[in-house]
Every structure is written in C-alpha cells, then in structure tokens.
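What follows is work.txt (compact mmCIF, N, CA and C atoms).
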# COMPACT_ATOMS: atom_id res chain seq x y z
N MET A 122 -17.34 35.46 -27.82
CA MET A 122 -15.94 35.17 -27.54
C MET A 122 -15.61 35.39 -26.07
N LYS A 123 -16.19 36.47 -25.50
CA LYS A 123 -15.95 36.74 -24.08
C LYS A 123 -16.50 35.61 -23.22
N ILE A 124 -17.62 35.03 -23.63
CA ILE A 124 -18.22 33.93 -22.86
C ILE A 124 -17.30 32.72 -22.88
N ILE A 125 -16.73 32.41 -24.03
CA ILE A 125 -15.81 31.27 -24.13
C ILE A 125 -14.60 31.48 -23.23
N ASN A 126 -14.04 32.69 -23.27
CA ASN A 126 -12.89 32.99 -22.41
C ASN A 126 -13.26 32.89 -20.93
N LEU A 127 -14.47 33.36 -20.58
CA LEU A 127 -14.91 33.28 -19.20
C LEU A 127 -15.08 31.83 -18.77
N VAL A 128 -15.69 31.02 -19.62
CA VAL A 128 -15.88 29.60 -19.31
C VAL A 128 -14.53 28.91 -19.14
N MET A 129 -13.58 29.22 -20.01
CA MET A 129 -12.25 28.61 -19.91
C MET A 129 -11.56 29.04 -18.62
N ALA A 130 -11.69 30.30 -18.26
CA ALA A 130 -11.05 30.80 -17.04
C ALA A 130 -11.66 30.13 -15.80
N VAL A 131 -12.98 30.02 -15.77
CA VAL A 131 -13.65 29.38 -14.64
C VAL A 131 -13.25 27.91 -14.56
N THR A 132 -13.18 27.24 -15.71
CA THR A 132 -12.79 25.84 -15.74
C THR A 132 -11.38 25.66 -15.19
N MET A 133 -10.46 26.53 -15.57
CA MET A 133 -9.08 26.44 -15.08
C MET A 133 -9.04 26.63 -13.57
N VAL A 134 -9.81 27.57 -13.05
CA VAL A 134 -9.83 27.82 -11.61
C VAL A 134 -10.41 26.61 -10.89
N LEU A 135 -11.44 26.00 -11.45
CA LEU A 135 -12.05 24.83 -10.82
C LEU A 135 -11.14 23.61 -10.86
N LEU A 136 -10.34 23.48 -11.90
CA LEU A 136 -9.44 22.34 -12.02
C LEU A 136 -8.19 22.48 -11.17
N LEU A 137 -7.80 23.67 -10.86
CA LEU A 137 -6.59 23.90 -10.08
C LEU A 137 -6.62 23.19 -8.73
N PRO A 138 -7.67 23.33 -7.94
CA PRO A 138 -7.67 22.61 -6.65
C PRO A 138 -7.58 21.10 -6.82
N THR A 139 -8.15 20.56 -7.88
CA THR A 139 -8.07 19.12 -8.12
C THR A 139 -6.63 18.69 -8.31
N SER A 140 -5.86 19.43 -9.08
CA SER A 140 -4.46 19.05 -9.30
C SER A 140 -3.64 19.22 -8.03
N VAL A 141 -3.95 20.24 -7.24
CA VAL A 141 -3.24 20.44 -5.98
C VAL A 141 -3.55 19.28 -5.04
N LEU A 142 -4.82 18.86 -4.98
CA LEU A 142 -5.18 17.73 -4.13
C LEU A 142 -4.51 16.45 -4.59
N ALA A 143 -4.41 16.26 -5.91
CA ALA A 143 -3.77 15.05 -6.42
C ALA A 143 -2.31 14.99 -5.99
N GLU A 144 -1.63 16.14 -5.98
CA GLU A 144 -0.24 16.16 -5.54
C GLU A 144 -0.12 15.80 -4.06
N GLU A 145 -1.11 16.20 -3.27
CA GLU A 145 -1.08 15.92 -1.85
C GLU A 145 -1.46 14.48 -1.53
N ALA A 146 -2.01 13.76 -2.51
CA ALA A 146 -2.54 12.42 -2.26
C ALA A 146 -1.44 11.39 -2.04
N MET A 147 -0.25 11.62 -2.57
CA MET A 147 0.81 10.63 -2.45
C MET A 147 1.41 10.67 -1.05
N PRO A 148 1.40 9.54 -0.33
CA PRO A 148 2.00 9.50 1.01
C PRO A 148 3.51 9.75 0.95
N ASP A 149 4.05 10.20 2.06
CA ASP A 149 5.49 10.45 2.15
C ASP A 149 6.28 9.15 2.15
N THR A 150 7.46 9.20 1.55
CA THR A 150 8.39 8.08 1.62
C THR A 150 9.06 8.11 2.99
N GLU A 151 9.14 6.96 3.62
CA GLU A 151 9.76 6.83 4.94
C GLU A 151 11.07 6.06 4.80
N MET A 152 11.93 6.18 5.80
CA MET A 152 13.20 5.45 5.79
C MET A 152 13.44 4.81 7.14
N VAL A 153 13.76 3.51 7.11
CA VAL A 153 14.14 2.77 8.31
C VAL A 153 15.46 2.08 7.98
N GLY A 154 16.52 2.46 8.69
CA GLY A 154 17.85 1.95 8.34
C GLY A 154 18.18 2.38 6.93
N ASN A 155 18.50 1.42 6.06
CA ASN A 155 18.79 1.76 4.67
C ASN A 155 17.62 1.39 3.75
N ILE A 156 16.44 1.11 4.33
CA ILE A 156 15.26 0.73 3.56
C ILE A 156 14.32 1.92 3.45
N THR A 157 13.99 2.32 2.22
CA THR A 157 12.95 3.32 2.03
C THR A 157 11.67 2.60 1.63
N TYR A 158 10.56 3.13 2.11
CA TYR A 158 9.27 2.52 1.80
C TYR A 158 8.19 3.60 1.79
N VAL A 159 7.08 3.26 1.18
CA VAL A 159 5.90 4.12 1.18
C VAL A 159 4.70 3.21 1.40
N SER A 160 3.76 3.70 2.18
CA SER A 160 2.57 2.90 2.49
C SER A 160 1.35 3.81 2.43
N GLY A 161 0.27 3.29 1.88
CA GLY A 161 -0.96 4.07 1.78
C GLY A 161 -1.90 3.44 0.77
N GLY A 162 -2.66 4.31 0.11
CA GLY A 162 -3.61 3.84 -0.89
C GLY A 162 -5.05 3.92 -0.43
N ILE A 163 -5.30 4.69 0.63
CA ILE A 163 -6.69 4.86 1.08
C ILE A 163 -7.32 5.97 0.25
N GLY A 164 -8.46 5.68 -0.30
CA GLY A 164 -9.14 6.63 -1.18
C GLY A 164 -8.70 6.43 -2.61
N GLU A 165 -9.58 6.77 -3.51
CA GLU A 165 -9.33 6.51 -4.93
C GLU A 165 -8.12 7.26 -5.47
N SER A 166 -7.98 8.55 -5.14
CA SER A 166 -6.86 9.31 -5.71
C SER A 166 -5.52 8.83 -5.16
N GLU A 167 -5.47 8.54 -3.86
CA GLU A 167 -4.22 8.05 -3.28
C GLU A 167 -3.87 6.67 -3.82
N ALA A 168 -4.88 5.82 -3.99
CA ALA A 168 -4.64 4.48 -4.55
C ALA A 168 -4.08 4.58 -5.97
N GLU A 169 -4.63 5.48 -6.77
CA GLU A 169 -4.13 5.66 -8.14
C GLU A 169 -2.70 6.19 -8.14
N MET A 170 -2.42 7.13 -7.23
CA MET A 170 -1.05 7.65 -7.14
C MET A 170 -0.09 6.53 -6.76
N MET A 171 -0.48 5.70 -5.81
CA MET A 171 0.37 4.59 -5.37
C MET A 171 0.61 3.62 -6.53
N LYS A 172 -0.44 3.26 -7.24
CA LYS A 172 -0.29 2.34 -8.37
C LYS A 172 0.65 2.92 -9.42
N GLY A 173 0.64 4.24 -9.55
CA GLY A 173 1.49 4.89 -10.54
C GLY A 173 2.98 4.80 -10.24
N VAL A 174 3.34 4.63 -8.97
CA VAL A 174 4.76 4.56 -8.61
C VAL A 174 5.19 3.15 -8.20
N ALA A 175 4.30 2.20 -8.23
CA ALA A 175 4.60 0.83 -7.76
C ALA A 175 5.84 0.26 -8.43
N LYS A 176 5.96 0.44 -9.73
CA LYS A 176 7.08 -0.16 -10.47
C LYS A 176 8.43 0.48 -10.13
N ASP A 177 8.41 1.60 -9.41
CA ASP A 177 9.66 2.24 -8.98
C ASP A 177 10.28 1.53 -7.77
N TYR A 178 9.54 0.61 -7.19
CA TYR A 178 10.00 -0.11 -6.00
C TYR A 178 10.17 -1.59 -6.33
N PRO A 179 11.24 -2.22 -5.86
CA PRO A 179 11.43 -3.64 -6.13
C PRO A 179 10.34 -4.53 -5.52
N LEU A 180 9.75 -4.10 -4.39
CA LEU A 180 8.74 -4.93 -3.73
C LEU A 180 7.44 -4.15 -3.56
N GLU A 181 6.36 -4.75 -4.03
CA GLU A 181 5.01 -4.20 -3.87
C GLU A 181 4.19 -5.24 -3.09
N ILE A 182 3.58 -4.79 -2.00
CA ILE A 182 2.75 -5.68 -1.18
C ILE A 182 1.35 -5.08 -1.10
N ALA A 183 0.32 -5.93 -1.27
CA ALA A 183 -1.07 -5.50 -1.13
C ALA A 183 -1.75 -6.36 -0.07
N PHE A 184 -2.72 -5.76 0.62
CA PHE A 184 -3.44 -6.43 1.70
C PHE A 184 -4.93 -6.40 1.41
N VAL A 185 -5.56 -7.59 1.34
CA VAL A 185 -6.96 -7.70 0.92
C VAL A 185 -7.71 -8.69 1.80
N GLN A 186 -8.97 -8.36 2.09
CA GLN A 186 -9.89 -9.32 2.70
C GLN A 186 -10.85 -9.78 1.62
N LYS A 187 -11.25 -11.06 1.68
CA LYS A 187 -12.12 -11.58 0.63
C LYS A 187 -13.13 -12.57 1.20
N LEU A 188 -14.36 -12.47 0.71
CA LEU A 188 -15.41 -13.44 0.98
C LEU A 188 -16.19 -13.61 -0.32
N LYS A 189 -16.05 -14.77 -0.93
CA LYS A 189 -16.65 -15.06 -2.23
C LYS A 189 -16.22 -13.99 -3.22
N GLN A 190 -17.17 -13.21 -3.76
CA GLN A 190 -16.83 -12.18 -4.75
C GLN A 190 -16.53 -10.82 -4.13
N LYS A 191 -16.69 -10.70 -2.82
CA LYS A 191 -16.49 -9.42 -2.15
C LYS A 191 -15.04 -9.28 -1.70
N GLU A 192 -14.43 -8.17 -2.10
CA GLU A 192 -13.06 -7.88 -1.69
C GLU A 192 -13.01 -6.50 -1.04
N GLU A 193 -12.24 -6.40 0.03
CA GLU A 193 -12.03 -5.13 0.70
C GLU A 193 -10.54 -4.96 0.95
N PHE A 194 -10.04 -3.77 0.68
CA PHE A 194 -8.64 -3.49 0.95
C PHE A 194 -8.46 -3.20 2.43
N LEU A 195 -7.29 -3.52 2.96
CA LEU A 195 -7.01 -3.39 4.39
C LEU A 195 -5.93 -2.34 4.65
N ALA A 196 -6.03 -1.72 5.80
CA ALA A 196 -4.97 -0.85 6.33
C ALA A 196 -4.62 -1.38 7.71
N ASP A 197 -3.65 -0.76 8.34
CA ASP A 197 -3.23 -1.13 9.70
C ASP A 197 -2.79 -2.59 9.80
N VAL A 198 -2.13 -3.06 8.77
CA VAL A 198 -1.57 -4.42 8.78
C VAL A 198 -0.13 -4.31 9.29
N LYS A 199 0.21 -5.13 10.27
CA LYS A 199 1.59 -5.15 10.79
C LYS A 199 2.45 -5.90 9.77
N VAL A 200 3.52 -5.27 9.33
CA VAL A 200 4.39 -5.85 8.30
C VAL A 200 5.82 -5.91 8.83
N GLN A 201 6.41 -7.08 8.68
CA GLN A 201 7.81 -7.26 9.08
C GLN A 201 8.54 -7.92 7.92
N LEU A 202 9.70 -7.37 7.58
CA LEU A 202 10.57 -7.97 6.56
C LEU A 202 11.84 -8.43 7.25
N GLN A 203 12.19 -9.69 7.00
CA GLN A 203 13.42 -10.26 7.55
C GLN A 203 14.31 -10.68 6.39
N ASP A 204 15.62 -10.44 6.54
CA ASP A 204 16.54 -10.90 5.51
C ASP A 204 16.75 -12.41 5.65
N ALA A 205 17.56 -12.98 4.79
CA ALA A 205 17.78 -14.43 4.78
C ALA A 205 18.41 -14.95 6.06
N HIS A 206 19.02 -14.05 6.84
CA HIS A 206 19.66 -14.44 8.11
C HIS A 206 18.73 -14.25 9.31
N GLY A 207 17.50 -13.84 9.05
CA GLY A 207 16.54 -13.63 10.14
C GLY A 207 16.59 -12.25 10.77
N ASN A 208 17.43 -11.36 10.22
CA ASN A 208 17.50 -10.00 10.74
C ASN A 208 16.28 -9.20 10.29
N ILE A 209 15.66 -8.48 11.20
CA ILE A 209 14.51 -7.66 10.86
C ILE A 209 15.02 -6.38 10.19
N VAL A 210 14.62 -6.16 8.93
CA VAL A 210 15.05 -4.97 8.21
C VAL A 210 13.95 -3.92 8.13
N LEU A 211 12.71 -4.33 8.37
CA LEU A 211 11.59 -3.39 8.38
C LEU A 211 10.50 -3.96 9.28
N ASP A 212 9.96 -3.12 10.15
CA ASP A 212 8.90 -3.54 11.07
C ASP A 212 7.96 -2.34 11.23
N VAL A 213 6.87 -2.33 10.47
CA VAL A 213 5.97 -1.17 10.42
C VAL A 213 4.52 -1.63 10.39
N VAL A 214 3.62 -0.67 10.51
CA VAL A 214 2.19 -0.91 10.32
C VAL A 214 1.78 -0.14 9.08
N SER A 215 1.08 -0.80 8.16
CA SER A 215 0.72 -0.17 6.90
C SER A 215 -0.29 0.95 7.11
N ASP A 216 -0.13 2.01 6.33
CA ASP A 216 -1.06 3.13 6.36
C ASP A 216 -2.19 2.95 5.36
N GLY A 217 -2.21 1.84 4.67
CA GLY A 217 -3.24 1.58 3.66
C GLY A 217 -3.05 0.20 3.10
N PRO A 218 -3.73 -0.09 2.00
CA PRO A 218 -3.67 -1.43 1.43
C PRO A 218 -2.39 -1.74 0.65
N TYR A 219 -1.52 -0.75 0.48
CA TYR A 219 -0.28 -0.97 -0.27
C TYR A 219 0.93 -0.58 0.56
N LEU A 220 1.99 -1.34 0.39
CA LEU A 220 3.29 -1.00 0.96
C LEU A 220 4.33 -1.35 -0.09
N PHE A 221 5.12 -0.36 -0.49
CA PHE A 221 6.19 -0.56 -1.47
C PHE A 221 7.52 -0.32 -0.76
N ALA A 222 8.51 -1.18 -1.04
CA ALA A 222 9.80 -1.06 -0.35
C ALA A 222 10.95 -1.16 -1.33
N ASN A 223 11.96 -0.31 -1.11
CA ASN A 223 13.23 -0.40 -1.83
C ASN A 223 14.15 -1.27 -1.00
N LEU A 224 14.44 -2.44 -1.50
CA LEU A 224 15.27 -3.40 -0.77
C LEU A 224 16.49 -3.76 -1.61
N PRO A 225 17.62 -4.01 -0.95
CA PRO A 225 18.77 -4.54 -1.69
C PRO A 225 18.43 -5.95 -2.21
N GLN A 226 19.19 -6.39 -3.20
CA GLN A 226 19.00 -7.75 -3.72
C GLN A 226 19.12 -8.75 -2.58
N GLY A 227 18.33 -9.80 -2.66
CA GLY A 227 18.40 -10.84 -1.65
C GLY A 227 17.06 -11.51 -1.44
N LYS A 228 17.07 -12.44 -0.51
CA LYS A 228 15.87 -13.19 -0.17
C LYS A 228 15.32 -12.65 1.15
N TYR A 229 14.01 -12.42 1.20
CA TYR A 229 13.36 -11.84 2.37
C TYR A 229 12.11 -12.63 2.74
N LEU A 230 11.88 -12.72 4.03
CA LEU A 230 10.63 -13.27 4.53
C LEU A 230 9.72 -12.09 4.86
N VAL A 231 8.55 -12.07 4.24
CA VAL A 231 7.56 -11.03 4.51
C VAL A 231 6.50 -11.63 5.43
N ILE A 232 6.30 -10.99 6.57
CA ILE A 232 5.29 -11.43 7.53
C ILE A 232 4.27 -10.31 7.66
N ALA A 233 3.01 -10.63 7.39
CA ALA A 233 1.93 -9.65 7.50
C ALA A 233 0.89 -10.18 8.48
N GLU A 234 0.48 -9.32 9.42
CA GLU A 234 -0.46 -9.75 10.45
C GLU A 234 -1.66 -8.81 10.50
N HIS A 235 -2.86 -9.42 10.43
CA HIS A 235 -4.11 -8.67 10.52
C HIS A 235 -5.05 -9.40 11.48
N ASN A 236 -5.54 -8.69 12.49
CA ASN A 236 -6.44 -9.28 13.49
C ASN A 236 -5.87 -10.56 14.10
N GLY A 237 -4.58 -10.58 14.35
CA GLY A 237 -3.95 -11.74 14.97
C GLY A 237 -3.66 -12.89 14.03
N ASP A 238 -4.05 -12.77 12.77
CA ASP A 238 -3.82 -13.81 11.77
C ASP A 238 -2.58 -13.44 10.96
N SER A 239 -1.53 -14.23 11.11
CA SER A 239 -0.25 -13.94 10.48
C SER A 239 -0.06 -14.76 9.20
N LYS A 240 0.39 -14.09 8.15
CA LYS A 240 0.70 -14.75 6.87
C LYS A 240 2.18 -14.51 6.57
N ARG A 241 2.80 -15.50 5.93
CA ARG A 241 4.23 -15.41 5.60
C ARG A 241 4.46 -15.78 4.15
N GLN A 242 5.42 -15.08 3.55
CA GLN A 242 5.80 -15.43 2.18
C GLN A 242 7.24 -14.99 1.94
N TRP A 243 8.00 -15.89 1.34
CA TRP A 243 9.37 -15.56 0.95
C TRP A 243 9.33 -14.84 -0.39
N VAL A 244 10.23 -13.88 -0.55
CA VAL A 244 10.34 -13.15 -1.81
C VAL A 244 11.82 -12.97 -2.13
N HIS A 245 12.16 -13.10 -3.41
CA HIS A 245 13.54 -12.92 -3.85
C HIS A 245 13.61 -11.62 -4.65
N ILE A 246 14.35 -10.65 -4.14
CA ILE A 246 14.50 -9.35 -4.80
C ILE A 246 15.73 -9.40 -5.70
N GLN A 247 15.52 -9.07 -6.97
CA GLN A 247 16.60 -9.05 -7.95
C GLN A 247 16.74 -7.65 -8.52
N SER A 248 17.93 -7.33 -8.98
CA SER A 248 18.22 -6.02 -9.54
C SER A 248 17.28 -5.69 -10.71
N LYS A 249 16.70 -4.50 -10.66
CA LYS A 249 15.85 -3.97 -11.73
C LYS A 249 14.63 -4.84 -12.04
N LYS A 250 14.19 -5.63 -11.06
CA LYS A 250 12.98 -6.44 -11.24
C LYS A 250 11.97 -6.02 -10.18
N HIS A 251 10.70 -6.11 -10.54
CA HIS A 251 9.61 -5.75 -9.64
C HIS A 251 8.88 -7.01 -9.21
N LYS A 252 8.63 -7.13 -7.93
CA LYS A 252 7.94 -8.31 -7.38
C LYS A 252 6.70 -7.82 -6.63
N LYS A 253 5.55 -8.41 -6.96
CA LYS A 253 4.30 -8.06 -6.28
C LYS A 253 3.77 -9.28 -5.54
N ILE A 254 3.42 -9.08 -4.27
CA ILE A 254 2.77 -10.15 -3.51
C ILE A 254 1.49 -9.58 -2.89
N VAL A 255 0.50 -10.44 -2.78
CA VAL A 255 -0.79 -10.05 -2.20
C VAL A 255 -1.09 -10.99 -1.05
N PHE A 256 -1.41 -10.42 0.09
CA PHE A 256 -1.83 -11.20 1.24
C PHE A 256 -3.35 -11.12 1.33
N TRP A 257 -4.00 -12.29 1.44
CA TRP A 257 -5.46 -12.39 1.51
C TRP A 257 -5.88 -12.89 2.88
N TRP A 258 -6.89 -12.28 3.45
CA TRP A 258 -7.51 -12.76 4.67
C TRP A 258 -9.01 -12.93 4.40
N PRO A 259 -9.63 -13.91 5.04
CA PRO A 259 -11.08 -14.05 4.88
C PRO A 259 -11.81 -12.93 5.62
N ILE A 260 -12.93 -12.50 5.06
CA ILE A 260 -13.79 -11.54 5.76
C ILE A 260 -14.52 -12.32 6.86
N LEU A 261 -14.46 -11.80 8.07
CA LEU A 261 -15.06 -12.48 9.21
C LEU A 261 -16.58 -12.33 9.19
N ASP A 262 -17.29 -13.39 9.61
CA ASP A 262 -18.73 -13.26 9.78
C ASP A 262 -19.01 -12.72 11.19
N GLN A 263 -20.27 -12.41 11.48
CA GLN A 263 -20.63 -11.75 12.74
C GLN A 263 -20.21 -12.55 13.97
N SER A 264 -20.37 -13.88 13.96
CA SER A 264 -20.00 -14.68 15.14
C SER A 264 -18.49 -14.63 15.39
N GLU A 265 -17.70 -14.61 14.31
CA GLU A 265 -16.24 -14.51 14.47
C GLU A 265 -15.84 -13.15 15.04
N ILE A 266 -16.53 -12.12 14.60
CA ILE A 266 -16.25 -10.77 15.10
C ILE A 266 -16.56 -10.70 16.59
N GLU A 267 -17.71 -11.26 16.99
CA GLU A 267 -18.10 -11.23 18.41
C GLU A 267 -17.11 -12.01 19.27
N SER A 268 -16.60 -13.13 18.77
CA SER A 268 -15.63 -13.90 19.56
C SER A 268 -14.31 -13.15 19.73
N LEU A 269 -13.94 -12.33 18.75
CA LEU A 269 -12.73 -11.52 18.89
C LEU A 269 -12.90 -10.43 19.94
N LEU A 270 -14.13 -9.95 20.10
CA LEU A 270 -14.40 -8.86 21.04
C LEU A 270 -14.53 -9.34 22.48
N GLU A 271 -14.67 -10.65 22.68
CA GLU A 271 -14.83 -11.19 24.04
C GLU A 271 -13.53 -11.16 24.81

Let me see the file written as structure tokens.
Amino acid sequence: MKIINLVMAVTMVLLLPTSVLAEEAMPDTEMVGNITYVSGGIGESEAEMMKGVAKDYPLEIAFVQKLKQKEEFLADVKVQLQDAHGNIVLDVVSDGPYLFANLPQGKYLVIAEHNGDSKRQWVHIQSKKHKKIVFWWPILDQSEIESLLE
C-alpha cells in the first residue's frame, strides 16, 4: 500500500510541471484600438491551446507554406486588417501560424505578407459566427531562395 501511495505521489509531482507549462503556453491577448487579438501557435502545446480558444474569436487566420504533400506552418507574417472604408484597424506581425481577432461586425480586407508575397481576402464578420481563413504560400526551392538573398 505504501508503494502505491509513493507511486501516486511521485506521479502527481511529475505531472504538476506539465500543467504549469500548459498554462504558460497560451500567448497573451493584445489590444490595438478596440481590436483584441492573440497570435502564436509555435510548438505543439501552444498550437493546441490556440486551437482550443479559436471559436472564442470571430476571425481565425492561419498561415501555411505548401509544396505537394509537405506543409509547414509560418510565423512572422505581416497582417493588416482594413475595414470596408479602407481604414487600417490592425497592423501586426504574427507570432506564429495563427492569429485570432475580435472584430466588430462588418466587412474586412485581410492582407497577409510573407517574404514579399502578399495575399488578400475579404471576410464578412457576423455576430456570434466564427470565420476561418487560411493563407497558403508555396515552399520555395533552392534557386528561389538564392535569388531572394541576392
């Protein structure tokens, strides 16, 4: 019986740091004007935490590179959100492959830029609805990488 109690106590002590780390994995919510957003998702635990709160935000954006069957998530993507009148409501660089934003209802132009390649997509935010968009970029081959470095 003492062995079982000892094993349980050791297990609890070993699991405690894991739960503490999981709590630390969620990036901080930021605020720009009246827009709150969170960006991140680097590493498995942070990505899972982000996916867990995605539905709490009206807009979910993901950034991916793809070549045939190979996909890689991206960070450091420049993201700009403009309202229907062309006013910039958010202008940030992503801290990971996900960016979630709390936006008022309306139509927005989402502009995402990676390695000088800009993608645009309109999104309509409605009350109590969740919208997910994914921006895809091709994975560069070696010659394309070298030309960027010149």

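Proximity ranking of A:Asn223, A:Gln201, A:Ser215, A:Gln190 relative to Val174 of chain A places A:Asn223 first, based on only C-alpha atoms.
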
Name the residues in contact with segment 207-212 of chain A at a cut-off of 9 Å, using only C-alpha atoms, excluding same-chain residues fewer than 3 positions from it; report them as a list in words.
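The residues satisfying every condition are Val153, Gly154, Asn155, Ile156, Lys199, Val200, Gln201, Leu202, Gln203, Asp204, Tyr229 and Leu230 of chain A.
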
Just the number, please: distance in Å from atom CA of Lys187 of chain A to atom CA of Phe256 of chain A, one decimal.
10.3 Å

Can you work out which one of A:Tyr219, A:Asp197, A:Lys240, A:Ala183 has the shortest atom-to-atom distance to Gly162 of chain A, counting all atoms listed in the file?
A:Tyr219

For a test of reading the model, state the distance in Å between atom C of Ile163 of chain A and atom N of Ala233 of chain A, rounded to one decimal.
20.8 Å

Using all atoms listed in the file, which of the listed residues (A:Pro259, A:Gly173, A:Gly161, A:Pro179) sits closest to Leu220 of chain A?
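When distances to Leu220 of chain A are compared using all atoms listed in the file, the smallest one comes from A:Gly161.
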
Extract, using all atoms listed in the file, all DNA, RNA and protein residues at most 6 Å from Ile182 of chain A, discarding same-chain residues fewer than 5 positions from it, and format them as a list in words.
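Contacts, with the query itself left out: Pro218, Tyr219, Leu220, Phe221, Lys253, Ile254 and Val255 of chain A.
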
Go ahead and save the residues from that selection, with N, CA and C atoms, as a tab-separated table (two decimals), in the frame of the given file.
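What landed in out.tsv:
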chain	number	residue	atom	x	y	z
A	218	PRO	N	-3.73	-0.09	2.00
A	218	PRO	CA	-3.67	-1.43	1.43
A	218	PRO	C	-2.39	-1.74	0.65
A	219	TYR	N	-1.52	-0.75	0.48
A	219	TYR	CA	-0.28	-0.97	-0.27
A	219	TYR	C	0.93	-0.58	0.56
A	220	LEU	N	1.99	-1.34	0.39
A	220	LEU	CA	3.29	-1.00	0.96
A	220	LEU	C	4.33	-1.35	-0.09
A	221	PHE	N	5.12	-0.36	-0.49
A	221	PHE	CA	6.19	-0.56	-1.47
A	221	PHE	C	7.52	-0.32	-0.76
A	253	LYS	N	5.55	-8.41	-6.96
A	253	LYS	CA	4.30	-8.06	-6.28
A	253	LYS	C	3.77	-9.28	-5.54
A	254	ILE	N	3.42	-9.08	-4.27
A	254	ILE	CA	2.77	-10.15	-3.51
A	254	ILE	C	1.49	-9.58	-2.89
A	255	VAL	N	0.50	-10.44	-2.78
A	255	VAL	CA	-0.79	-10.05	-2.20
A	255	VAL	C	-1.09	-10.99	-1.05

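Distance-wise, atom CA of Asp149 of chain A and atom CA of Ala196 of chain A end up 16.0 Å apart.
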
Residues of segment 162-243 of chain A in strand (DSSP E) according to DSSP, as a ChimeraX atom specification?
/A:180-188,191-194,199-204,209-214,219-223,227-235,238-243

Within segment 195-271 of chain A, find each residue whose DSSP state, derived from the backbone, is helix (DSSP H, G or I), and express the selection as a list in words.
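Here is the list: Gln263, Ser264, Glu265, Ile266, Glu267, Ser268, Leu269 and Leu270 of chain A.
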
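The smallest atom-to-atom distance between Ser248 of chain A and any of A:Val213, A:Leu261, A:Val159, A:Leu180, using only C-alpha atoms, is found for A:Leu180.
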
Between A:Leu224, A:Val214, A:Ile260, A:Met171, which has the minimum distance to Gln186 of chain A (counting all atoms listed in the file)?
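Result for the nearest residue to Gln186 of chain A: A:Ile260.
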
Quick one: residues within 7 Å of Gln247 of chain A, only N, CA and C atoms, excluding same-chain residues fewer than 5 positions away - as a PDB file with N, CA and C atoms, in the frame of the given file?
ATOM      1  N   PRO A 179      11.240  -2.220  -5.860  1.00  0.00           N
ATOM      2  CA  PRO A 179      11.430  -3.640  -6.130  1.00  0.00           C
ATOM      3  C   PRO A 179      10.340  -4.530  -5.520  1.00  0.00           C
ATOM      4  N   PRO A 225      17.620  -4.010  -0.950  1.00  0.00           N
ATOM      5  CA  PRO A 225      18.770  -4.540  -1.690  1.00  0.00           C
ATOM      6  C   PRO A 225      18.430  -5.950  -2.210  1.00  0.00           C
ATOM      7  N   GLN A 226      19.190  -6.390  -3.200  1.00  0.00           N
ATOM      8  CA  GLN A 226      19.000  -7.750  -3.720  1.00  0.00           C
ATOM      9  C   GLN A 226      19.120  -8.750  -2.580  1.00  0.00           C
ATOM     10  N   GLY A 227      18.330  -9.800  -2.660  1.00  0.00           N
ATOM     11  CA  GLY A 227      18.400 -10.840  -1.650  1.00  0.00           C
ATOM     12  C   GLY A 227      17.060 -11.510  -1.440  1.00  0.00           C
TER      13      GLY A 227
END
